[in-house]
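Structure below is upload-v5.cif: mmCIF, C-alpha atoms.
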```cif
data_data
loop_
_atom_site.label_atom_id
_atom_site.label_comp_id
_atom_site.auth_asym_id
_atom_site.auth_seq_id
_atom_site.Cartn_x
_atom_site.Cartn_y
_atom_site.Cartn_z
CA MET W 306 46.16 21.14 -82.83
CA ARG W 307 42.83 19.49 -83.34
CA LEU W 308 41.39 17.21 -80.59
CA ARG W 309 39.85 13.97 -81.72
CA PRO W 310 36.22 13.27 -80.71
CA TRP W 311 37.15 10.46 -78.28
CA TRP W 312 39.48 12.86 -76.41
CA LEU W 313 36.66 15.35 -76.07
CA ALA W 314 34.38 12.61 -74.73
CA THR W 315 37.06 11.47 -72.25
CA ILE W 316 37.66 15.01 -71.00
CA GLY W 317 33.89 15.56 -70.69
CA VAL W 318 33.38 12.35 -68.69
CA MET W 319 36.28 13.23 -66.38
CA ALA W 320 34.91 16.74 -65.83
CA ILE W 321 31.45 15.40 -64.98
CA ALA W 322 32.87 12.74 -62.62
CA GLY W 323 35.06 15.34 -60.90
CA ALA W 324 32.13 17.72 -60.46
CA ASN W 325 29.99 14.92 -59.02
CA TRP W 326 32.72 13.93 -56.56
CA ILE W 327 33.23 17.54 -55.43
CA GLY W 328 29.46 17.97 -55.01
CA TRP W 329 29.19 14.75 -53.00
CA GLN W 330 32.06 15.84 -50.71
CA ALA W 331 30.35 19.19 -50.15
CA ILE W 332 27.03 17.69 -49.01
CA ARG W 333 28.34 14.60 -47.24
CA SER W 334 27.63 14.60 -43.52
CA PRO W 335 30.75 14.67 -41.36
CA GLY W 336 29.20 11.77 -39.45
CA ASP W 337 29.34 9.46 -42.48
CA ALA W 338 32.85 8.37 -41.56
CA SER W 339 33.57 5.21 -39.63
CA LEU W 340 33.08 5.66 -35.90
CA ASN W 341 36.47 4.10 -35.37
CA ASP W 342 37.92 7.24 -37.00
CA VAL W 343 35.84 9.65 -34.89
CA PRO W 344 37.61 10.97 -31.80
CA MET W 345 35.68 10.48 -28.58
CA ALA W 346 35.48 13.06 -25.84
CA GLY W 347 37.94 12.21 -23.11
CA VAL W 348 39.61 9.38 -25.06
CA SER W 349 43.18 9.67 -26.30
CA GLY W 350 44.34 8.28 -29.63
CA SER W 351 46.04 5.34 -27.93
CA GLU W 352 42.85 4.48 -26.03
CA ALA W 353 40.86 4.55 -29.28
CA ALA W 354 43.41 2.16 -30.81
CA ASP W 355 43.05 -0.09 -27.75
CA PHE W 356 39.27 -0.24 -28.32
CA ALA W 357 39.81 -1.27 -31.94
CA ASP W 358 42.41 -3.85 -30.88
CA SER W 359 39.98 -5.27 -28.31
CA TRP W 360 37.36 -5.84 -31.01
CA ARG W 361 40.02 -7.43 -33.23
CA ALA W 362 40.86 -9.80 -30.36
CA LEU W 363 37.29 -11.09 -30.57
CA ASN W 364 37.66 -12.00 -34.25
CA GLY W 365 38.13 -15.64 -35.02
CA VAL W 366 35.20 -16.94 -32.97
CA THR W 367 33.49 -19.69 -34.92
CA SER W 368 30.15 -21.29 -34.13
CA ASP W 369 28.12 -24.22 -35.31
CA ASP W 370 24.83 -25.60 -33.99
CA GLU W 371 26.38 -27.00 -30.81
CA ARG W 372 29.76 -25.39 -30.08
CA ASN W 373 31.57 -22.06 -30.13
CA THR W 374 35.30 -22.19 -30.79
CA PHE W 375 37.62 -19.42 -29.63
CA PRO W 376 41.13 -18.51 -30.74
CA PRO W 377 43.83 -19.27 -28.14
CA ALA W 378 44.62 -15.56 -27.60
CA LEU W 379 41.00 -14.92 -26.63
CA GLN W 380 40.83 -18.00 -24.39
CA ALA W 381 43.88 -16.66 -22.53
CA ARG W 382 41.96 -13.45 -21.73
CA GLU W 383 38.93 -15.18 -20.21
CA GLY W 384 38.25 -13.93 -16.68
CA GLN W 385 40.15 -10.70 -17.31
CA THR W 386 38.69 -7.22 -17.53
CA LEU W 387 38.05 -6.00 -21.07
CA THR W 388 36.90 -2.59 -22.28
CA LEU W 389 35.01 -2.21 -25.54
CA ARG W 390 33.43 0.78 -27.24
CA GLY W 391 30.45 -0.03 -29.39
CA VAL W 392 26.76 0.22 -30.11
CA LEU W 393 24.65 -1.08 -27.21
CA PHE W 394 21.30 -2.57 -28.23
CA THR W 395 18.63 -3.29 -25.70
CA VAL W 396 16.51 -6.39 -26.22
CA PRO W 397 12.88 -5.99 -25.07
CA GLN W 398 12.93 -9.38 -23.32
CA LEU W 399 15.91 -8.19 -21.23
CA VAL W 400 14.30 -4.96 -20.04
CA HIS W 401 12.35 -5.30 -16.79
CA GLU W 402 10.31 -2.36 -15.45
CA GLY W 403 12.34 0.12 -17.50
CA ARG W 404 15.70 -1.30 -16.37
CA VAL W 405 18.13 -3.11 -18.66
CA ILE W 406 19.34 -6.36 -17.12
CA ALA W 407 21.35 -7.36 -20.22
CA ALA W 408 22.02 -5.95 -23.69
CA VAL W 409 23.99 -6.71 -26.84
CA LEU W 410 27.13 -4.76 -27.81
CA ALA W 411 28.42 -4.62 -31.40
CA PRO W 412 31.33 -2.70 -32.94
CA PRO W 413 30.35 0.69 -34.28
CA ALA W 414 30.18 1.21 -38.03
CA LYS W 415 28.96 4.76 -38.62
CA PHE W 416 26.66 7.54 -37.54
CA SER W 417 24.67 9.12 -40.34
CA CYS W 418 21.32 10.72 -41.02
CA CYS W 419 19.56 7.50 -40.04
CA GLY W 420 21.32 7.25 -36.66
CA LEU W 421 23.83 4.85 -35.24
CA SER W 422 24.61 1.57 -36.94
CA CYS W 423 26.88 -1.31 -36.09
CA ASP W 424 29.17 -3.62 -37.99
CA ALA W 425 26.74 -6.50 -38.46
CA GLY W 426 29.32 -8.93 -39.78
CA SER W 427 31.31 -9.04 -36.56
CA THR W 428 31.19 -10.75 -33.20
CA MET W 429 28.54 -9.44 -30.83
CA VAL W 430 28.88 -9.44 -27.05
CA CYS W 431 26.25 -9.85 -24.34
CA VAL W 432 26.65 -7.16 -21.68
CA ILE W 433 25.43 -7.96 -18.18
CA PRO W 434 25.64 -4.74 -16.17
CA ARG W 435 26.82 -4.67 -12.58
CA ASP W 436 23.63 -2.73 -11.76
CA PRO W 437 20.57 -2.61 -14.05
CA LEU W 438 20.64 0.44 -16.33
CA ALA W 439 17.84 2.80 -17.18
CA ASP W 440 16.55 1.83 -20.63
CA PRO W 441 17.81 4.45 -23.11
CA GLY W 442 14.94 3.58 -25.48
CA ARG W 443 17.24 3.27 -28.48
CA ARG W 444 20.65 1.97 -29.48
CA ARG W 445 23.42 4.06 -27.99
CA LEU W 446 27.15 4.42 -28.28
CA ALA W 447 28.76 3.18 -25.06
CA ARG W 448 32.04 2.26 -23.42
CA VAL W 449 31.69 -1.02 -21.55
CA THR W 450 34.18 -2.50 -19.08
CA GLY W 451 33.48 -5.96 -17.74
CA VAL W 452 34.85 -9.41 -17.05
CA LEU W 453 35.25 -11.52 -20.20
CA HIS W 454 33.36 -14.84 -20.15
CA LEU W 455 33.29 -17.30 -23.06
CA HIS W 456 30.46 -19.77 -23.79
CA PRO W 457 31.76 -22.98 -25.43
CA GLU W 458 28.17 -24.26 -25.81
CA ALA W 459 26.18 -22.54 -28.55
CA ASP W 460 23.04 -22.14 -26.46
CA GLY W 461 23.23 -18.53 -25.27
CA LEU W 462 22.39 -15.13 -26.67
CA THR W 463 26.02 -14.65 -27.75
CA ALA W 464 29.28 -16.63 -27.54
CA ILE W 465 30.90 -13.92 -25.40
CA ASP W 466 29.73 -12.05 -22.27
CA LEU W 467 31.05 -9.04 -20.43
CA ARG W 468 29.81 -9.62 -16.87
CA ALA W 469 29.63 -7.20 -13.93
CA ALA W 470 29.99 -4.52 -16.58
CA ASP W 471 30.19 -0.80 -16.05
CA VAL W 472 28.49 1.05 -18.91
CA THR W 473 29.28 4.65 -19.80
CA TRP W 474 26.97 6.26 -22.34
CA LEU W 475 28.90 8.26 -24.94
CA PRO W 476 27.58 11.22 -26.91
CA ASP W 477 26.60 10.66 -30.52
CA PRO W 478 29.49 11.68 -32.78
#
```

Transcribe the structure of this file into structure tokens.
Amino acid sequence: MRLRPWWLATIGVMAIAGANWIGWQAIRSPGDASLNDVPMAGVSGSEAADFADSWRALNGVTSDDERNTFPPALQAREGQTLTLRGVLFTVPQLVHEGRVIAAVLAPPAKFSCCGLSCDAGSTMVCVIPRDPLADPGRRRLARVTGVLHLHPEADGLTAIDLRAADVTWLPDP
């Protein structure tokens, strides 16, 4: 049986694509996966799902120049304790004498060769620690437990705060 030239080209393209995919899988860093898929030390699978569900509960916040609007399910949780796992960013204006008096928390996206990154398209949360934290000097993965506070006026750093928060630094995945 004689193969037609277009079959040979198709087989060649598939072989090259397969070899490229296998090569990419071989050199890909294990940290290139989503941090939501990475198990955390001391956290069970159900706890990790709870963290993801907590971030999902914050979806649906809309803002304009004057007002923030919150979904009813989130409004019902105001004043309750909430735990989130995410990337904690310090803001230079909120660091006083090497102590963090407030920071911004965002959902984790991935850890790769360039370090930790967050999901920039999502809701961010202002974290006000119970006691000022030592400045880590860089963004860090953290578990934050605090009291949920919503800002209807669009005049703050974020629309959502976690106040009197306890911050636990987590190891890089």

- Message: Could you list, as a ChimeraX atom specification, every residue matched by the PyMOL selection byres ((chain W and resi 463-476) around 7) in this structure?
- Response: /W:373,429-435,446-456,459,461-462,477-478

- Query: At what distance in Å, to one decimal, does CA of Glu458 (chain W) lie from CA of Thr374 (chain W)?
  - Reply: 8.9 Å

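Our summary of the geometry notes that CA of Pro437 (chain W) is positioned 5.2 Å from CA of Val405 (chain W).
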
Would you tabulate, counting all atoms listed in the file, all residues of region 425-447 of chain W that have an atom at most 8 Å from an atom of region 386-398 of chain W, showing the closest pair of atoms and their distance in Å to one decimal, sorted by chain then ascending number, as a Markdown table?
```
| residue | atom | partner | partner_atom | distance |
| --- | --- | --- | --- | --- |
| W:Asp440 | CA | W:Thr395 | CA | 7.5 |
| W:Gly442 | CA | W:Thr395 | CA | 7.8 |
| W:Arg443 | CA | W:Phe394 | CA | 7.1 |
| W:Arg444 | CA | W:Phe394 | CA | 4.8 |
| W:Arg445 | CA | W:Leu393 | CA | 5.3 |
| W:Leu446 | CA | W:Val392 | CA | 4.6 |
| W:Ala447 | CA | W:Gly391 | CA | 5.6 |
```

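Rounded to one decimal, CA of Ala439 (chain W) and CA of Ala408 (chain W) lie 11.7 Å from each other.
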
- Nearest residue to Arg372 (chain W) from the set W:Ser359, W:Asp460, W:Ile406, W:Asp436 (distances using only C-alpha atoms): W:Asp460

- Message: Under the rule that only C-alpha atoms are counted, which of W:Pro441, W:Pro413, W:Pro457, W:Gly403 is the nearest residue to Glu371 (chain W)?
- Response: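 Going through W:Pro441, W:Pro413, W:Pro457, W:Gly403 one by one, the smallest distance to Glu371 (chain W) is for W:Pro457.
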